[in-house]
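Asker: Sharing query12.tsv (TSV, C-alpha atoms) below.
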```tsv
chain	number	residue	atom	x	y	z
D	125	MET	CA	108.18	96.07	87.25
D	126	LEU	CA	108.18	92.29	86.91
D	127	TRP	CA	109.11	91.74	90.53
D	128	LEU	CA	108.40	88.01	90.56
D	129	LEU	CA	110.69	87.38	87.62
D	130	GLY	CA	113.48	89.58	88.92
D	131	ALA	CA	113.35	88.10	92.40
D	132	ALA	CA	113.23	84.56	91.06
D	133	ALA	CA	116.39	85.09	89.04
D	134	LEU	CA	118.26	86.54	92.01
D	135	GLY	CA	116.93	83.91	94.41
D	136	ALA	CA	118.16	81.09	92.15
D	137	ALA	CA	121.70	82.49	92.36
D	138	THR	CA	121.68	82.95	96.14
D	139	PRO	CA	120.59	79.67	97.78
D	140	ASP	CA	120.23	81.19	101.22
D	141	TRP	CA	116.44	81.29	101.47
D	142	GLU	CA	114.95	78.71	103.80
D	143	LYS	CA	112.85	76.03	102.11
D	144	VAL	CA	109.74	74.24	103.31
D	145	SER	CA	110.75	70.59	103.61
D	146	ARG	CA	108.72	69.29	106.56
D	147	SER	CA	105.52	69.95	108.47
D	148	PRO	CA	105.88	73.20	110.41
D	149	GLU	CA	105.84	73.59	114.18
D	150	LEU	CA	103.22	76.30	114.24
D	151	SER	CA	103.00	78.93	116.95
D	152	PHE	CA	100.30	81.58	116.98
D	153	PRO	CA	99.98	84.50	116.82
D	154	ARG	CA	103.55	84.62	115.51
D	155	ASP	CA	102.84	82.43	112.45
D	156	HIS	CA	100.05	84.73	111.33
D	157	GLY	CA	102.85	87.22	110.66
D	158	ALA	CA	105.65	87.47	108.10
D	159	HIS	CA	108.35	84.83	107.54
D	160	PHE	CA	111.27	86.80	106.12
D	161	SER	CA	113.61	83.82	105.86
D	162	TYR	CA	111.41	82.45	103.04
D	163	ARG	CA	111.35	84.08	99.62
D	164	THR	CA	107.61	84.23	98.92
D	165	GLU	CA	104.54	84.79	101.07
D	166	TRP	CA	100.99	86.02	100.69
D	167	TRP	CA	97.92	86.91	102.74
D	168	TYR	CA	94.78	86.43	100.67
D	169	LEU	CA	91.14	87.28	101.30
D	170	THR	CA	88.10	86.68	99.11
D	171	GLY	CA	84.44	86.93	99.90
D	172	ILE	CA	80.90	87.35	98.63
D	173	VAL	CA	78.82	89.99	100.37
D	174	ARG	CA	75.33	91.36	99.89
D	175	GLU	CA	73.49	94.59	100.63
D	176	LYS	CA	69.98	94.41	102.12
D	177	SER	CA	68.37	95.07	98.76
D	178	GLY	CA	70.12	91.98	97.37
D	179	THR	CA	73.02	93.69	95.57
D	180	GLU	CA	75.74	91.04	95.32
D	181	LEU	CA	79.46	91.80	95.29
D	182	GLY	CA	82.63	89.75	95.34
D	183	TYR	CA	85.94	91.05	96.60
D	184	GLN	CA	89.59	90.03	96.60
D	185	MET	CA	92.32	91.57	98.72
D	186	THR	CA	95.80	90.03	98.51
D	187	ILE	CA	99.12	91.31	99.78
D	188	PHE	CA	102.17	89.44	98.48
D	189	ARG	CA	105.67	89.58	99.94
D	190	ARG	CA	108.65	88.72	97.76
D	191	GLY	CA	112.21	88.49	99.05
D	192	ILE	CA	114.87	90.24	96.98
D	193	ASP	CA	117.98	89.73	99.10
D	194	PRO	CA	118.25	87.06	101.84
D	195	ALA	CA	121.38	88.59	103.37
D	196	ALA	CA	121.15	90.70	106.50
D	197	SER	CA	121.94	94.39	106.31
D	198	SER	CA	125.61	95.22	106.80
D	199	PRO	CA	127.28	98.42	108.03
D	200	GLY	CA	127.49	101.12	105.41
D	201	GLN	CA	124.65	99.81	103.23
D	202	SER	CA	121.88	102.24	102.31
D	203	ALA	CA	118.77	102.07	104.47
D	204	LEU	CA	116.80	102.42	101.23
D	205	ARG	CA	118.10	99.15	99.79
D	206	ALA	CA	115.14	96.88	99.02
D	207	ARG	CA	115.32	93.43	100.63
D	208	HIS	CA	111.62	92.59	100.47
D	209	MET	CA	108.82	93.90	98.27
D	210	LEU	CA	105.09	94.03	98.91
D	211	ALA	CA	102.57	93.91	96.07
D	212	GLY	CA	98.83	94.32	96.52
D	213	HIS	CA	95.91	93.22	94.38
D	214	PHE	CA	92.50	94.63	95.24
D	215	ALA	CA	89.37	93.85	93.20
D	216	VAL	CA	85.62	94.23	93.53
D	217	ALA	CA	83.29	92.17	91.33
D	218	ASP	CA	80.08	94.09	90.70
D	219	VAL	CA	77.87	91.16	89.73
D	220	ALA	CA	74.76	93.13	88.71
D	221	GLY	CA	76.85	95.70	86.86
D	222	LYS	CA	78.81	92.92	85.13
D	223	ARG	CA	82.19	94.51	85.75
D	224	LEU	CA	85.37	93.83	87.68
D	225	VAL	CA	87.09	96.88	89.13
D	226	HIS	CA	90.65	96.32	90.33
D	227	ALA	CA	93.77	98.12	91.45
D	228	GLN	CA	97.35	97.17	92.29
D	229	ARG	CA	100.29	98.56	94.23
D	230	LEU	CA	103.99	97.81	94.71
D	231	ARG	CA	106.25	99.06	97.51
D	232	ARG	CA	109.33	97.87	99.34
D	233	VAL	CA	109.07	96.79	102.98
D	234	ASP	CA	110.30	99.88	104.81
D	235	GLY	CA	108.26	100.03	108.02
D	236	GLN	CA	106.26	102.98	106.69
D	237	LEU	CA	104.61	102.58	103.26
D	238	GLY	CA	105.18	98.81	103.36
D	239	VAL	CA	104.77	96.95	106.65
D	240	ALA	CA	104.75	93.22	107.43
D	241	SER	CA	104.84	92.37	111.13
D	242	GLU	CA	106.63	89.23	112.31
D	243	LYS	CA	104.62	89.13	115.56
D	244	ASP	CA	101.07	88.78	114.27
D	245	LEU	CA	98.95	89.39	111.20
D	246	CYS	CA	99.49	93.03	110.30
D	247	VAL	CA	100.41	93.78	106.70
D	248	GLN	CA	100.08	97.24	105.22
D	249	LEU	CA	100.66	98.58	101.74
D	250	GLU	CA	100.20	102.32	102.12
D	251	SER	CA	96.50	102.61	103.14
D	252	TRP	CA	95.70	98.99	102.27
D	253	GLU	CA	95.67	96.82	105.37
D	254	ILE	CA	94.92	93.34	106.68
D	255	GLU	CA	95.16	93.12	110.47
D	256	ARG	CA	94.19	90.64	113.19
D	257	LYS	CA	92.64	92.24	116.26
D	258	ALA	CA	93.04	91.25	119.92
D	259	ASP	CA	89.65	89.50	119.87
D	260	GLY	CA	90.74	87.26	116.96
D	261	SER	CA	88.74	89.09	114.29
D	262	LEU	CA	90.27	90.56	111.14
D	263	SER	CA	89.94	94.05	109.71
D	264	VAL	CA	90.45	94.67	105.99
D	265	ARG	CA	90.67	98.12	104.46
D	266	ALA	CA	91.52	99.23	100.96
D	267	ALA	CA	90.59	102.13	98.72
D	268	ASP	CA	91.57	103.29	95.26
D	269	GLY	CA	90.28	106.69	94.17
D	270	GLU	CA	91.15	106.23	90.50
D	271	ALA	CA	89.26	102.92	90.29
D	272	GLY	CA	86.45	104.27	92.47
D	273	VAL	CA	86.30	101.32	94.88
D	274	SER	CA	86.90	100.77	98.57
D	275	ILE	CA	86.24	98.19	101.28
D	276	ASP	CA	86.14	98.48	105.06
D	277	LEU	CA	85.29	95.05	106.45
D	278	GLN	CA	85.38	93.17	109.73
D	279	LEU	CA	85.68	89.39	109.62
D	280	SER	CA	85.17	86.84	112.40
D	281	PRO	CA	86.33	83.21	111.95
D	282	SER	CA	83.51	80.71	112.39
D	283	LYS	CA	85.96	77.79	112.63
D	284	ALA	CA	89.53	77.19	113.74
D	285	ILE	CA	92.35	77.75	111.30
D	286	VAL	CA	93.01	74.81	108.94
D	287	ALA	CA	96.51	73.46	108.20
D	288	HIS	CA	96.37	71.97	104.69
D	289	GLY	CA	98.32	68.99	103.37
D	290	GLU	CA	100.57	67.24	105.88
D	291	ALA	CA	99.83	69.29	109.02
D	292	GLY	CA	100.49	72.49	107.06
D	293	LEU	CA	103.04	71.14	104.56
D	294	SER	CA	101.48	71.58	101.11
D	295	ARG	CA	103.57	69.82	98.46
D	296	LYS	CA	103.69	71.42	95.01
D	297	GLY	CA	106.24	69.18	93.33
D	298	ALA	CA	108.39	66.07	93.70
D	299	GLU	CA	111.68	67.77	94.56
D	300	GLU	CA	112.79	68.76	98.06
D	301	GLY	CA	111.46	72.22	98.89
D	302	ASN	CA	108.73	72.26	96.22
D	303	ALA	CA	106.22	73.05	98.95
D	304	SER	CA	104.67	75.78	101.04
D	305	VAL	CA	103.15	76.15	104.47
D	306	TYR	CA	99.45	76.62	103.76
D	307	LEU	CA	96.90	77.81	106.36
D	308	SER	CA	93.28	78.96	105.98
D	309	TRP	CA	90.31	80.33	107.78
D	310	THR	CA	87.72	78.82	105.49
D	311	ARG	CA	84.60	80.60	106.75
D	312	LEU	CA	84.57	84.10	108.19
D	313	ALA	CA	81.41	86.04	109.02
D	314	THR	CA	81.83	89.36	107.22
D	315	ARG	CA	80.24	92.79	107.60
D	316	GLY	CA	81.11	96.37	106.76
D	317	THR	CA	81.00	98.67	103.74
D	318	VAL	CA	81.90	98.38	100.07
D	319	THR	CA	81.99	101.46	97.86
D	320	VAL	CA	81.65	101.19	94.09
D	321	GLY	CA	81.58	104.53	92.32
D	322	ASP	CA	79.11	106.77	94.15
D	323	ARG	CA	77.43	103.84	95.94
D	324	LYS	CA	78.49	103.10	99.52
D	325	LEU	CA	76.81	99.87	100.57
D	326	GLU	CA	76.36	98.30	104.01
D	327	VAL	CA	77.01	94.62	103.39
D	328	SER	CA	77.29	91.24	105.09
D	329	GLY	CA	78.33	87.80	103.93
D	330	GLU	CA	81.18	85.33	104.26
D	331	SER	CA	84.85	85.25	103.35
D	332	TRP	CA	87.88	82.95	103.01
D	333	PHE	CA	91.45	83.66	104.16
D	334	ASP	CA	94.68	82.00	102.99
D	335	HIS	CA	98.22	82.47	104.28
D	336	GLU	CA	101.08	80.73	102.45
D	337	TRP	CA	104.85	80.97	102.56
D	338	GLY	CA	107.76	79.12	100.98
D	339	THR	CA	110.72	79.53	98.65
D	340	SER	CA	110.58	77.20	95.63
D	341	GLN	CA	106.93	76.18	95.68
D	342	LEU	CA	106.27	75.05	92.12
D	343	GLY	CA	108.10	72.05	90.76
D	344	PRO	CA	109.74	72.02	87.31
D	345	GLY	CA	107.26	71.88	84.45
D	346	VAL	CA	104.27	73.29	86.37
D	347	VAL	CA	102.76	75.96	84.12
D	348	GLY	CA	99.76	76.99	86.25
D	349	TRP	CA	96.97	75.94	88.55
D	350	ASP	CA	93.19	75.78	88.91
D	351	TRP	CA	92.10	76.55	92.51
D	352	LEU	CA	88.75	76.53	94.26
D	353	GLY	CA	87.93	77.82	97.75
D	354	LEU	CA	84.28	76.99	98.41
D	355	ARG	CA	81.75	77.28	101.23
D	356	LEU	CA	79.07	74.62	100.87
D	357	ALA	CA	75.53	75.46	101.97
D	358	ASP	CA	75.53	72.44	104.30
D	359	GLY	CA	78.24	74.01	106.49
D	360	ARG	CA	81.31	72.31	105.02
D	361	GLU	CA	84.15	73.98	103.12
D	362	LEU	CA	86.22	72.66	100.26
D	363	MET	CA	89.60	73.63	98.84
D	364	LEU	CA	90.77	71.93	95.64
D	365	TYR	CA	93.62	72.58	93.24
D	366	HIS	CA	95.05	71.15	90.05
D	367	LEU	CA	98.71	71.92	89.37
D	368	ARG	CA	99.02	71.56	85.58
D	369	ASP	CA	101.91	70.46	83.41
D	370	ALA	CA	102.46	71.69	79.86
D	371	SER	CA	99.96	69.14	78.48
D	372	GLY	CA	97.25	70.46	80.80
D	373	ALA	CA	97.24	67.35	82.99
D	374	PRO	CA	97.29	67.65	86.79
D	375	ILE	CA	100.53	66.54	88.46
D	376	PRO	CA	100.40	63.97	91.32
D	377	GLN	CA	100.87	66.66	94.00
D	378	SER	CA	97.49	68.21	93.17
D	379	GLY	CA	95.03	67.87	96.02
D	380	GLY	CA	92.72	69.58	98.45
D	381	THR	CA	91.03	69.68	101.83
D	382	LEU	CA	87.48	68.97	102.97
D	383	VAL	CA	86.52	70.80	106.18
D	384	GLU	CA	83.61	69.27	108.07
D	385	ARG	CA	80.90	71.17	109.94
D	386	ASP	CA	82.75	70.71	113.23
D	387	GLY	CA	85.97	72.17	111.76
D	388	SER	CA	87.83	68.87	111.39
D	389	ALA	CA	89.76	68.66	108.12
D	390	ARG	CA	90.43	65.76	105.77
D	391	ARG	CA	93.23	65.84	103.22
D	392	LEU	CA	92.25	64.94	99.65
D	393	SER	CA	94.75	63.46	97.21
D	394	LEU	CA	94.41	63.70	93.43
D	395	GLY	CA	92.68	60.31	93.29
D	396	ASP	CA	90.00	61.38	95.78
D	397	PHE	CA	88.29	63.90	93.49
D	398	SER	CA	87.75	64.90	89.90
D	399	MET	CA	87.61	68.36	88.34
D	400	GLU	CA	86.37	68.33	84.75
D	401	PRO	CA	86.20	71.58	82.73
D	402	ILE	CA	82.82	71.96	81.01
D	403	GLY	CA	82.91	75.56	79.78
D	404	ALA	CA	85.33	78.39	79.09
D	405	TRP	CA	85.55	82.16	78.74
D	406	ARG	CA	87.93	83.82	76.27
D	407	SER	CA	89.59	87.13	77.05
D	408	GLU	CA	89.52	89.62	74.21
D	409	ARG	CA	92.44	91.45	75.85
D	410	THR	CA	94.93	88.59	76.20
D	411	LYS	CA	93.26	85.89	74.01
D	412	ALA	CA	93.56	83.47	76.94
D	413	ASN	CA	90.92	80.76	77.30
D	414	TYR	CA	89.99	80.21	80.93
D	415	PRO	CA	88.02	77.09	81.97
D	416	THR	CA	85.48	78.97	84.10
D	417	ARG	CA	82.92	76.16	84.45
D	418	TRP	CA	83.72	72.83	86.10
D	419	ARG	CA	82.10	69.59	87.18
D	420	VAL	CA	83.45	68.42	90.53
D	421	LYS	CA	82.99	65.02	92.17
D	422	ILE	CA	84.21	63.64	95.51
D	423	PRO	CA	82.70	60.15	95.70
D	424	SER	CA	83.84	59.36	99.25
D	425	ALA	CA	82.00	62.42	100.59
D	426	ALA	CA	78.95	62.08	98.30
D	427	ILE	CA	79.70	65.53	96.87
D	428	GLU	CA	78.89	66.44	93.26
D	429	PHE	CA	78.27	69.87	91.75
D	430	GLU	CA	79.01	72.24	88.91
D	431	VAL	CA	80.93	75.50	89.34
D	432	GLU	CA	79.83	78.55	87.39
D	433	PRO	CA	81.23	82.10	87.51
D	434	LEU	CA	79.14	84.99	88.76
D	435	LEU	CA	81.11	87.32	86.50
D	436	ALA	CA	82.65	85.82	83.38
D	437	ASP	CA	85.20	88.59	82.83
D	438	SER	CA	87.22	88.34	86.04
D	439	GLU	CA	90.64	88.57	84.44
D	440	LEU	CA	93.24	90.57	86.38
D	441	ASP	CA	96.26	92.03	84.62
D	442	SER	CA	98.91	92.45	87.32
D	443	ARG	CA	101.93	92.77	85.04
D	444	ALA	CA	102.73	96.15	86.62
D	445	THR	CA	103.32	94.50	90.02
D	446	THR	CA	103.64	90.71	90.06
D	447	GLY	CA	104.20	90.21	86.35
D	448	ILE	CA	101.27	87.84	85.73
D	449	VAL	CA	97.77	87.79	84.24
D	450	TYR	CA	95.20	85.52	85.89
D	451	TRP	CA	91.48	84.92	86.39
D	452	GLU	CA	90.10	85.44	89.90
D	453	GLY	CA	86.40	85.71	90.61
D	454	PRO	CA	83.32	84.68	92.60
D	455	VAL	CA	81.55	81.43	91.73
D	456	ARG	CA	78.35	79.62	92.59
D	457	LEU	CA	77.73	75.87	92.93
D	458	ARG	CA	74.83	74.05	91.25
D	459	GLY	CA	73.75	70.45	91.66
D	460	ALA	CA	73.56	67.96	94.51
D	461	ALA	CA	75.74	70.34	96.56
D	462	THR	CA	75.20	74.09	96.55
D	463	GLY	CA	77.24	76.99	97.84
D	464	GLU	CA	79.61	79.73	96.74
D	465	GLY	CA	83.22	80.82	96.84
D	466	TYR	CA	86.11	81.95	94.68
D	467	MET	CA	88.10	80.45	91.83
D	468	GLU	CA	91.64	81.24	90.67
D	469	LEU	CA	93.03	80.20	87.28
D	470	THR	CA	96.67	80.85	86.33
D	471	GLY	CA	98.97	79.92	83.48
D	472	TYR	CA	96.48	80.48	80.66
D	473	ALA	CA	97.70	83.89	79.51
D	474	GLU	CA	101.32	82.81	80.02
D	475	SER	CA	103.17	80.07	81.88
D	476	MET	CA	103.81	80.35	85.63
D	477	GLU	CA	106.91	78.17	85.36
D	478	LYS	CA	109.89	79.59	87.29
D	479	LYS	CA	107.76	82.41	88.72
D	480	LEU	CA	107.24	80.78	92.13
```
Please express what this file holds, its structure, as structure tokens.

Answerer:
Amino acid sequence: MLWLLGAAALGAATPDWEKVSRSPELSFPRDHGAHFSYRTEWWYLTGIVREKSGTELGYQMTIFRRGIDPAASSPGQSALRARHMLAGHFAVADVAGKRLVHAQRLRRVDGQLGVASEKDLCVQLESWEIERKADGSLSVRAADGEAGVSIDLQLSPSKAIVAHGEAGLSRKGAEEGNASVYLSWTRLATRGTVTVGDRKLEVSGESWFDHEWGTSQLGPGVVGWDWLGLRLADGRELMLYHLRDASGAPIPQSGGTLVERDGSARRLSLGDFSMEPIGAWRSERTKANYPTRWRVKIPSAAIEFEVEPLLADSELDSRATTGIVYWEGPVRLRGAATGEGYMELTGYAESMEKKL
């Protein structure tokens, strides 16, 4: 079910979804929860964890919400009518085993199999769950018997939440409403268990959390993006993204955020940094060429490094749920700055235009 495409077509004909056009007036814990007046939203976790013996694993857990019908329920309508859908992507990167194991799910928001609280962070897709606890920590659980993977992790933010862009307003295009509200916990101490096949591992490490919502995020002509969420070894964090046009060039709204050791954040515009592709991986399944190695420079912060993937084949085929194919995997930094994190590359198997 190509839920993104179907919802986009309906949403274009019913201009009743609220758009992000100014910096939000944030209120927590409410804004950790769902925003049903906007068409698209996601809660996204990635991390790199290790077992005592040194076994290294990456994980991704994302739950997407997509609005189908902005109108309120009316008397006589079926209670089964879908107004919002939840899709989940769950992946474990087994670095030593050189394999990515992933699963996906799709359900409507019904208060039972699909839950998205408006009061706080609590999203559930059957047994998959991301929830914020009373002490401010997060719990993440997911399991897929067919794929043979599961995670049960507890995450504690080491820094305050970051509001990207203009106090949370992250512009994605030149037109009014081509924007999202974009929030992150950029460094979360992580512990728990990861199961891969018959191996259940006690692990610890660090993770990254994103929460975004909006209605018409991508501007016309944007075919995809290259995104980095990185934890530098010196205690800083870095988020960078290129929004690409059909020629492959980044549009002016590309940017990023540099988070200092004390948690203060500095917005980066396109002219503040450079991301140069220096190596690629080609998928034999989709024939897409993904630029999986990059040289990054931020002169004003004296930051320079190269990004390399820990697992070259980190392509996820989510056409059964969100209708897209993309690359998402753990990376390591080499050079004057070191560290690790995750990279996301979209629009190489097919264009993302009109899908967000």

Asker: Take atom CA of Ile275 of chain D and atom CA of Arg355 of chain D and report the distance between them in Å, one decimal.

Answerer: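 Separating atom CA of Ile275 of chain D from atom CA of Arg355 of chain D is a distance of 21.4 Å.
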
Asker: Residues near His226 of chain D, anyone? I mean within 12 Å using all atoms listed in the file, not counting same-chain ones fewer than 6 positions away, as a PDB file with C-alpha atoms, in the frame of the given file.

Answerer:
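So the final result, stored in selection.pdb, reads:
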```pdb
ATOM      1  CA  GLY D 182      82.630  89.750  95.340  1.00  0.00           C
ATOM      2  CA  TYR D 183      85.940  91.050  96.600  1.00  0.00           C
ATOM      3  CA  GLN D 184      89.590  90.030  96.600  1.00  0.00           C
ATOM      4  CA  MET D 185      92.320  91.570  98.720  1.00  0.00           C
ATOM      5  CA  THR D 186      95.800  90.030  98.510  1.00  0.00           C
ATOM      6  CA  GLY D 212      98.830  94.320  96.520  1.00  0.00           C
ATOM      7  CA  HIS D 213      95.910  93.220  94.380  1.00  0.00           C
ATOM      8  CA  PHE D 214      92.500  94.630  95.240  1.00  0.00           C
ATOM      9  CA  ALA D 215      89.370  93.850  93.200  1.00  0.00           C
ATOM     10  CA  VAL D 216      85.620  94.230  93.530  1.00  0.00           C
ATOM     11  CA  ALA D 217      83.290  92.170  91.330  1.00  0.00           C
ATOM     12  CA  ASP D 218      80.080  94.090  90.700  1.00  0.00           C
ATOM     13  CA  ALA D 266      91.520  99.230 100.960  1.00  0.00           C
ATOM     14  CA  ALA D 267      90.590 102.130  98.720  1.00  0.00           C
ATOM     15  CA  ASP D 268      91.570 103.290  95.260  1.00  0.00           C
ATOM     16  CA  GLY D 269      90.280 106.690  94.170  1.00  0.00           C
ATOM     17  CA  GLU D 270      91.150 106.230  90.500  1.00  0.00           C
ATOM     18  CA  ALA D 271      89.260 102.920  90.290  1.00  0.00           C
ATOM     19  CA  GLY D 272      86.450 104.270  92.470  1.00  0.00           C
ATOM     20  CA  VAL D 273      86.300 101.320  94.880  1.00  0.00           C
ATOM     21  CA  SER D 274      86.900 100.770  98.570  1.00  0.00           C
ATOM     22  CA  ILE D 275      86.240  98.190 101.280  1.00  0.00           C
ATOM     23  CA  VAL D 320      81.650 101.190  94.090  1.00  0.00           C
ATOM     24  CA  SER D 438      87.220  88.340  86.040  1.00  0.00           C
ATOM     25  CA  GLU D 439      90.640  88.570  84.440  1.00  0.00           C
ATOM     26  CA  LEU D 440      93.240  90.570  86.380  1.00  0.00           C
ATOM     27  CA  ASP D 441      96.260  92.030  84.620  1.00  0.00           C
ATOM     28  CA  SER D 442      98.910  92.450  87.320  1.00  0.00           C
ATOM     29  CA  GLU D 452      90.100  85.440  89.900  1.00  0.00           C
ATOM     30  CA  GLY D 453      86.400  85.710  90.610  1.00  0.00           C
TER      31      GLY D 453
END
```

Asker: Would you mind telling me which residue in D:Ile172, D:Val305, D:Ile192, D:Leu342 lies nearest to Met476 of chain D when using all atoms listed in the file?

Answerer: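 When distances to Met476 of chain D are compared using all atoms listed in the file, the smallest one comes from D:Leu342.
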
Asker: At what distance in Å, to one decimal, does atom CA of His366 of chain D lie from atom CA of Met399 of chain D?

Answerer: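 Separating atom CA of Met399 of chain D from atom CA of His366 of chain D is a distance of 8.1 Å.
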
Asker: In the coordinate frame of the file, compute which residues have an atom within 12 Å of (72.1, 71.0, 94.6) when using only C-alpha atoms, and state them as a compact mmCIF listing (two decimals) with C-alpha atoms, keeping the file's coordinate frame.

Answerer:
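This went into selection15.txt:
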```txt
# COMPACT_ATOMS: atom_id res chain seq x y z
CA LEU D 356 79.07 74.62 100.87
CA ALA D 357 75.53 75.46 101.97
CA ASP D 358 75.53 72.44 104.30
CA ALA D 426 78.95 62.08 98.30
CA ILE D 427 79.70 65.53 96.87
CA GLU D 428 78.89 66.44 93.26
CA PHE D 429 78.27 69.87 91.75
CA GLU D 430 79.01 72.24 88.91
CA VAL D 431 80.93 75.50 89.34
CA ARG D 456 78.35 79.62 92.59
CA LEU D 457 77.73 75.87 92.93
CA ARG D 458 74.83 74.05 91.25
CA GLY D 459 73.75 70.45 91.66
CA ALA D 460 73.56 67.96 94.51
CA ALA D 461 75.74 70.34 96.56
CA THR D 462 75.20 74.09 96.55
CA GLY D 463 77.24 76.99 97.84
CA GLU D 464 79.61 79.73 96.74
```

Asker: Have a look at D:Asp437, D:Glu361, D:Ser328, D:Ser251 and name the one nearest to Thr410 of chain D; count all atoms listed in the file.

Answerer: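 The shortest atom-to-atom distance to Thr410 of chain D comes from D:Asp437.
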
Asker: Compile the contact shell of His208 of chain D as a list of chain:residue names: residues with an atom at most 9 Å away, counting all atoms listed in the file, same-chain residues fewer than 3 positions apart removed.

Answerer: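 My list of contacting residues is D:Phe160, D:Arg163, D:Arg189, D:Arg190, D:Gly191, D:Ile192, D:Asp193, D:Pro194, D:Arg231, D:Arg232, D:Val233, D:Asp234.
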
Asker: May I ask which of the residues D:Pro153, D:Leu307, D:Gly316, D:Gly301 is the closest one to Lys257 of chain D, counting all atoms listed in the file?

Answerer: D:Pro153

Asker: Between atom CA of Trp167 of chain D and atom CA of Glu330 of chain D, what is the distance in Å, rounded to a tenth?

Answerer: 16.9 Å

Asker: Go through D:Gly321, D:Gly359, D:Gly338, D:Gly380 and flag the residue nearest Pro148 of chain D, using all atoms listed in the file for the distances.

Answerer: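 Using all atoms listed in the file, the shortest distance to Pro148 of chain D belongs to D:Gly338.
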
Asker: Rank D:Pro374, D:Gly221, D:Pro423, D:Gly379 by their smallest atom-to-atom distance to Ser294 of chain D, using all atoms listed in the file, and report the top residue only.

Answerer: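 Of all the options, D:Gly379 lies closest to Ser294 of chain D.
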
Asker: Which residue out of D:Ile422, D:Ala206, D:Val219, D:Val239 has the minimum interatomic distance to Leu181 of chain D when all atoms listed in the file are used?

Answerer: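 Checking each candidate against Leu181 of chain D, we get D:Val219 as the closest.
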
Asker: Give me the residues near Ser475 of chain D as an MDAnalysis selection string, where near means some atom within 8 Å (using all atoms listed in the file) and where sequence neighbours in that chain fewer than 5 positions away do not count.

Answerer: chainID D and resid 347:348 470

Asker: Excluding same-chain residues fewer than 4 positions from Thr381 of chain D, what lies within 8 Å of it counting all atoms listed in the file, as a short mmCIF file (atom, residue, chain, number, x, y, z; two decimals) with C-alpha atoms, keeping the file's coordinate frame?

Answerer:
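Written output follows (out.cif):
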```cif
data_model
loop_
_atom_site.label_atom_id
_atom_site.label_comp_id
_atom_site.auth_asym_id
_atom_site.auth_seq_id
_atom_site.Cartn_x
_atom_site.Cartn_y
_atom_site.Cartn_z
CA HIS D 288 96.37 71.97 104.69
CA GLY D 289 98.32 68.99 103.37
CA LEU D 362 86.22 72.66 100.26
CA MET D 363 89.60 73.63 98.84
CA LEU D 364 90.77 71.93 95.64
CA ALA D 389 89.76 68.66 108.12
CA ARG D 390 90.43 65.76 105.77
CA ARG D 391 93.23 65.84 103.22
CA LEU D 392 92.25 64.94 99.65
#
```

Asker: Which polymer residues have any atom within 6 Å of an atom of Gln377 of chain D, counting all atoms listed in the file, with same-chain residues fewer than 2 positions away left out, as a compact mmCIF listing (two decimals) with C-alpha atoms, in the coordinates of the input?

Answerer:
```
# COMPACT_ATOMS: atom_id res chain seq x y z
CA LYS D 296 103.69 71.42 95.01
CA GLY D 297 106.24 69.18 93.33
CA ILE D 375 100.53 66.54 88.46
```

Asker: If you take every atom of segment 430-448 of chain D that the file lists and fit an axis-aligned box around them with 8 Å extra on each side, what centre and edge lengths come out in Å to one decimal, as lines of an AutoDock Vina configuration file?

Answerer:
```
center_x = 91.6
center_y = 84.2
center_z = 86.4
size_x = 41.2
size_y = 39.9
size_z = 23.2
```

Asker: May I ask you to restore N, CA and C atoms in segment 374-383 of chain D and write the result as a tab-separated table (two decimals), in the frame of the given file?

Answerer:
```tsv
chain	number	residue	atom	x	y	z
D	374	PRO	N	96.89	67.35	85.41
D	374	PRO	CA	97.29	67.65	86.79
D	374	PRO	C	98.44	66.75	87.23
D	375	ILE	N	99.41	67.33	87.95
D	375	ILE	CA	100.53	66.54	88.46
D	375	ILE	C	100.09	65.82	89.73
D	376	PRO	N	100.83	64.78	90.16
D	376	PRO	CA	100.40	63.97	91.32
D	376	PRO	C	100.25	64.76	92.61
D	377	GLN	N	100.94	65.89	92.75
D	377	GLN	CA	100.87	66.66	94.00
D	377	GLN	C	99.62	67.53	94.09
D	378	SER	N	98.77	67.52	93.08
D	378	SER	CA	97.49	68.21	93.17
D	378	SER	C	96.67	67.61	94.30
D	379	GLY	N	95.79	68.40	94.89
D	379	GLY	CA	95.03	67.87	96.02
D	379	GLY	C	94.01	68.85	96.55
D	380	GLY	N	93.71	68.71	97.85
D	380	GLY	CA	92.72	69.58	98.45
D	380	GLY	C	92.44	69.23	99.89
D	381	THR	N	91.43	69.89	100.45
D	381	THR	CA	91.03	69.68	101.83
D	381	THR	C	89.52	69.81	101.94
D	382	LEU	N	88.90	68.89	102.64
D	382	LEU	CA	87.48	68.97	102.97
D	382	LEU	C	87.35	69.27	104.46
D	383	VAL	N	86.71	70.39	104.79
D	383	VAL	CA	86.52	70.80	106.18
D	383	VAL	C	85.09	70.49	106.59
```
